[in-house]
Amino acid sequence: MPSTISNGGGYGPLGLLDSDTTAFTKDVRSYLDKNVAPLIAEAERTKTFPVDILPGLIELGYVRGGLPENDGGYGMSHLQSAVLMEEAGRCWGSLRTTLNILSMVAELLSKHGTDDQKERFLAPLLEGRRRGWFALTEPESGSDAGALRTRATEREDGSWVLNGQKVWITNASYGDFGVVLATVDRSLGHKGIGAFLVETSTPGLEINEIPHMPVRASSSCEVVLTEVVVPAQNLLGQVGRGLSVAMSAVNGGRLNIAAGAVGLMQAALEAAQGHVLAREQFGRPLAGFQLVQELIVKMAVQTQAGRLLYQNAASTLDAGQPGRLECSIAKYFCSEAAVVATSQAIQLFGGSGLMEEFPVERLFRDARESTIPEGTSEIQVLQIGDALLGVSALR
Ligand SMILES: Cc1cc2nc3c(=O)[nH]c(=O)nc-3n(C[C@H](O)[C@H](O)[C@H](O)COP(=O)(O)OP(=O)(O)OC[C@H]3O[C@@H](n4cnc5c(N)ncnc54)[C@H](O)[C@@H]3O)c2cc1C
């Protein structure tokens, strides 16, 4: 289907989508505009995510859509799931990040969970009754995830005791359980790491919210684990395979951030188009000035380029290929482009662009997040370089 360029509030470029997906995407956009957009201002002001909207969104196809039908999913393609994430990003950064974490946890449970774990954790998550979080990062271990220090000690009855500290864990304060990465023996490096399903209510587990700049209605949390007992049946996958379990969701996470960043750019573009057509200076609309048009065009070109990159990455996964390089390229380009495009939108708004009553300062803050989680831009560059040259410059 040929692409069309948005005309300021009209439907945006469609990229590589077939007519069914295009129609579905329009329905999803209408749903978000009607049911979610009116909640944003209050949620941002109170820094609280309206969790009641989640069951409806999951029913629509978020979180569950990409899972296989025998796990309660809809069997949607990567492309369809990614397009849904673009729409989430266009609507609201805090929504995109919340859906991303839930999707990641659902994917991990679907790929690695036992039947019992799927019944206790995945099924209620897909009904919107329970919410999960994902805890890998620690104060001393960020990009170098394999260096984590949270310790898992096996007891005689096969249960585990976890001790350690995690930081910047998205929405742990809203969650019922987490996937926690811990090591049984640091000297084994990544071969000593396991993934554990931990109930938030377990004694010894403490969650503290950390104030942060972007995606303000989601929470960013410190999770402290002190002698937290985890039953044997809550080990997700095998000990020694924990990092592989976590990394099995990495393509999906990168794709989600890339698509969400394109959504942010689309929202910034629509806001800027509306503003420059309405605002007059020197006796005519800003839209009539060549320098203003140049900024609008730059934003539109980056948005469309990013859209084609994430849709290409998703299509690569749909073709059964590993897609790691394509997802890294999409995440790198789209997140960096979103920082620039949302800053350009602020420029076009002038002083009002920096005021909270207009949407673009939030879009900029939320775009700024996207270059960091799921592998920073620098880590993406090094992974792309490795794929292109066959030489790793990571260590
Ligand atoms: C909003 C937000 C939400 C998050 N949510 C979660 C979550 O839910 N769960 C979770 O586990 N984690 C989460 N994180 C953590 C995130 O994954 C880490 O912030 C990220 O992996 C980077 O680690 P770091 O912040 O410790 O930076 P560092 O690793 O300390 O990196 C600092 C800088 O050094 C650069 N750098 C590092 N190594 C290299 C290298 N080899 N070569 C060149 N440059 C390098 C980085 O690119 C970066 O610019 C979240 C972070 C944010 C900001």
# chains A, B, ... in the order shown; residues from 1 in each chain; ligands from 1
$ residues_near_ligand --ligand "ligand 1" --cutoff "6 Å" --atoms "only C-alpha atoms and all ligand atoms" --output "JSON, numbers by chain"
{"A": [134, 135, 136, 137, 141, 142, 143, 168, 169, 170, 369, 372, 373, 374, 375, 376, 377, 378, 379, 394, 395]}
$ residues_around --residues "A:Asp366" --least-positions-apart "6" --cutoff "7 Å" --atoms "only C-alpha atoms" --output "NGL selection string"
:A and (93 or 214-215)
$ write_last_selection --atoms "N, CA and C atoms" --output "PDB file, in the first residue's frame"
ATOM      1  N   GLY A  93       3.715   8.383  26.209  1.00  0.00           N
ATOM      2  CA  GLY A  93       4.943   7.646  26.522  1.00  0.00           C
ATOM      3  C   GLY A  93       4.797   6.716  27.720  1.00  0.00           C
ATOM      4  N   PRO A 214      11.442  11.388  32.646  1.00  0.00           N
ATOM      5  CA  PRO A 214      10.483  11.055  31.574  1.00  0.00           C
ATOM      6  C   PRO A 214       9.356  10.158  32.071  1.00  0.00           C
ATOM      7  N   VAL A 215       8.463   9.814  31.148  1.00  0.00           N
ATOM      8  CA  VAL A 215       7.351   8.860  31.390  1.00  0.00           C
ATOM      9  C   VAL A 215       6.885   8.939  32.845  1.00  0.00           C
TER      10      VAL A 215
END
$ closest_residue --among "A:Gly146, A:Pro68, A:Gly320, A:Pro50" --to "A:Ser219" --atoms "only C-alpha atoms"
A:Pro50
$ residues_around --residues "A:Val63" --least-positions-apart "3" --cutoff "12 Å" --atoms "only C-alpha atoms" --output "VMD selection string"
chain A and resid 54 to 60 66 to 68 71 to 76 78 80 to 82 84 to 85 88 95 to 110 122 to 123 125 to 128 131 to 132 252 to 253 256
$ closest_residue --among "A:Met265, A:Met213, A:Val245, A:Val224" --to "A:Ala195" --atoms "only C-alpha atoms"
A:Val245
$ select_by_dssp --residues "stretch 294-379 of chain A" --states "alpha helix (DSSP H)" --output "PyMOL selection string"
chain A and resi 294-318+324-349+360-369+377-379
$ select_by_dssp --residues "stretch 104-337 of chain A" --states "strand (DSSP E)" --output "NGL selection string"
:A and (132-135 or 151-154 or 160-170 or 177-183 or 193-199 or 205-209 or 220-230 or 235-236 or 280-281 or 284-285)
$ residues_around --residues "A:Gly350" --least-positions-apart "3" --cutoff "12 Å" --atoms "only C-alpha atoms" --output "NGL selection string"
:A and (272 or 275-276 or 279 or 281 or 286 or 292 or 343-347 or 353-355 or 358 or 360-361)
$ residues_around --residues "A:Ser244" --least-positions-apart "4" --cutoff "10 Å" --atoms "only C-alpha atoms" --output "PyMOL selection string"
chain A and resi 190-191+193-195+237-238+240+248-250
$ write_last_selection --atoms "C-alpha atoms" --output "mmCIF file, in the first residue's frame"
data_model
loop_
_atom_site.group_PDB
_atom_site.id
_atom_site.type_symbol
_atom_site.label_atom_id
_atom_site.label_comp_id
_atom_site.auth_asym_id
_atom_site.auth_seq_id
_atom_site.Cartn_x
_atom_site.Cartn_y
_atom_site.Cartn_z
ATOM 1 C CA HIS A 190 26.585 -15.064 32.900
ATOM 2 C CA LYS A 191 26.620 -18.877 33.258
ATOM 3 C CA ILE A 193 22.596 -16.383 36.383
ATOM 4 C CA GLY A 194 19.014 -17.539 36.894
ATOM 5 C CA ALA A 195 15.620 -15.848 36.443
ATOM 6 C CA GLY A 237 14.024 -21.566 32.797
ATOM 7 C CA GLN A 238 17.247 -23.067 34.152
ATOM 8 C CA GLY A 240 22.803 -20.637 34.112
ATOM 9 C CA SER A 248 15.115 -13.731 24.469
ATOM 10 C CA ALA A 249 12.811 -10.735 24.891
ATOM 11 C CA VAL A 250 15.430 -8.209 23.806
#
$ atom_distance --atom1 "atom CA of A:Val198" --atom2 "atom CA of A:Asp144"
22.9 Å
$ atom_distance --atom1 "atom CA of A:Glu199" --atom2 "atom CA of A:Phe177"
4.2 Å
$ residues_around --residues "A:Thr303" --least-positions-apart "2" --cutoff "6 Å" --atoms "only C-alpha atoms" --output "PyMOL selection string"
chain A and resi 262+265+300-301+305-306
$ write_last_selection --atoms "N, CA, C and O atoms" --output "compact mmCIF listing (two decimals), in the first residue's frame"
# COMPACT_ATOMS: atom_id res chain seq x y z
N VAL A 262 8.74 6.30 17.22
CA VAL A 262 8.12 6.82 15.99
C VAL A 262 6.74 7.42 16.33
O VAL A 262 6.37 8.48 15.81
N MET A 265 7.33 10.78 17.66
CA MET A 265 7.65 11.73 16.57
C MET A 265 6.38 12.12 15.82
O MET A 265 6.20 13.28 15.43
N ALA A 300 9.14 15.26 9.55
CA ALA A 300 8.33 14.28 8.79
C ALA A 300 9.22 13.21 8.16
O ALA A 300 8.88 12.02 8.18
N VAL A 301 10.37 13.63 7.63
CA VAL A 301 11.26 12.67 6.97
C VAL A 301 11.84 11.68 7.98
O VAL A 301 11.88 10.46 7.74
N ALA A 305 11.21 7.72 7.99
CA ALA A 305 12.38 6.83 7.91
C ALA A 305 12.39 5.86 9.08
O ALA A 305 12.62 4.66 8.92
N GLY A 306 12.11 6.38 10.28
CA GLY A 306 12.06 5.52 11.47
C GLY A 306 10.97 4.47 11.34
O GLY A 306 11.15 3.31 11.70
$ residues_around --residues "A:Leu269" --least-positions-apart "5" --cutoff "9 Å" --atoms "only C-alpha atoms" --output "ChimeraX atom specification"
/A:6,8,264,274,296,299-300,303,341-342,345
$ closest_residue --among "A:Leu255, A:Val83, A:Leu197, A:Ile207" --to "A:Tyr174" --atoms "only C-alpha atoms"
A:Ile207
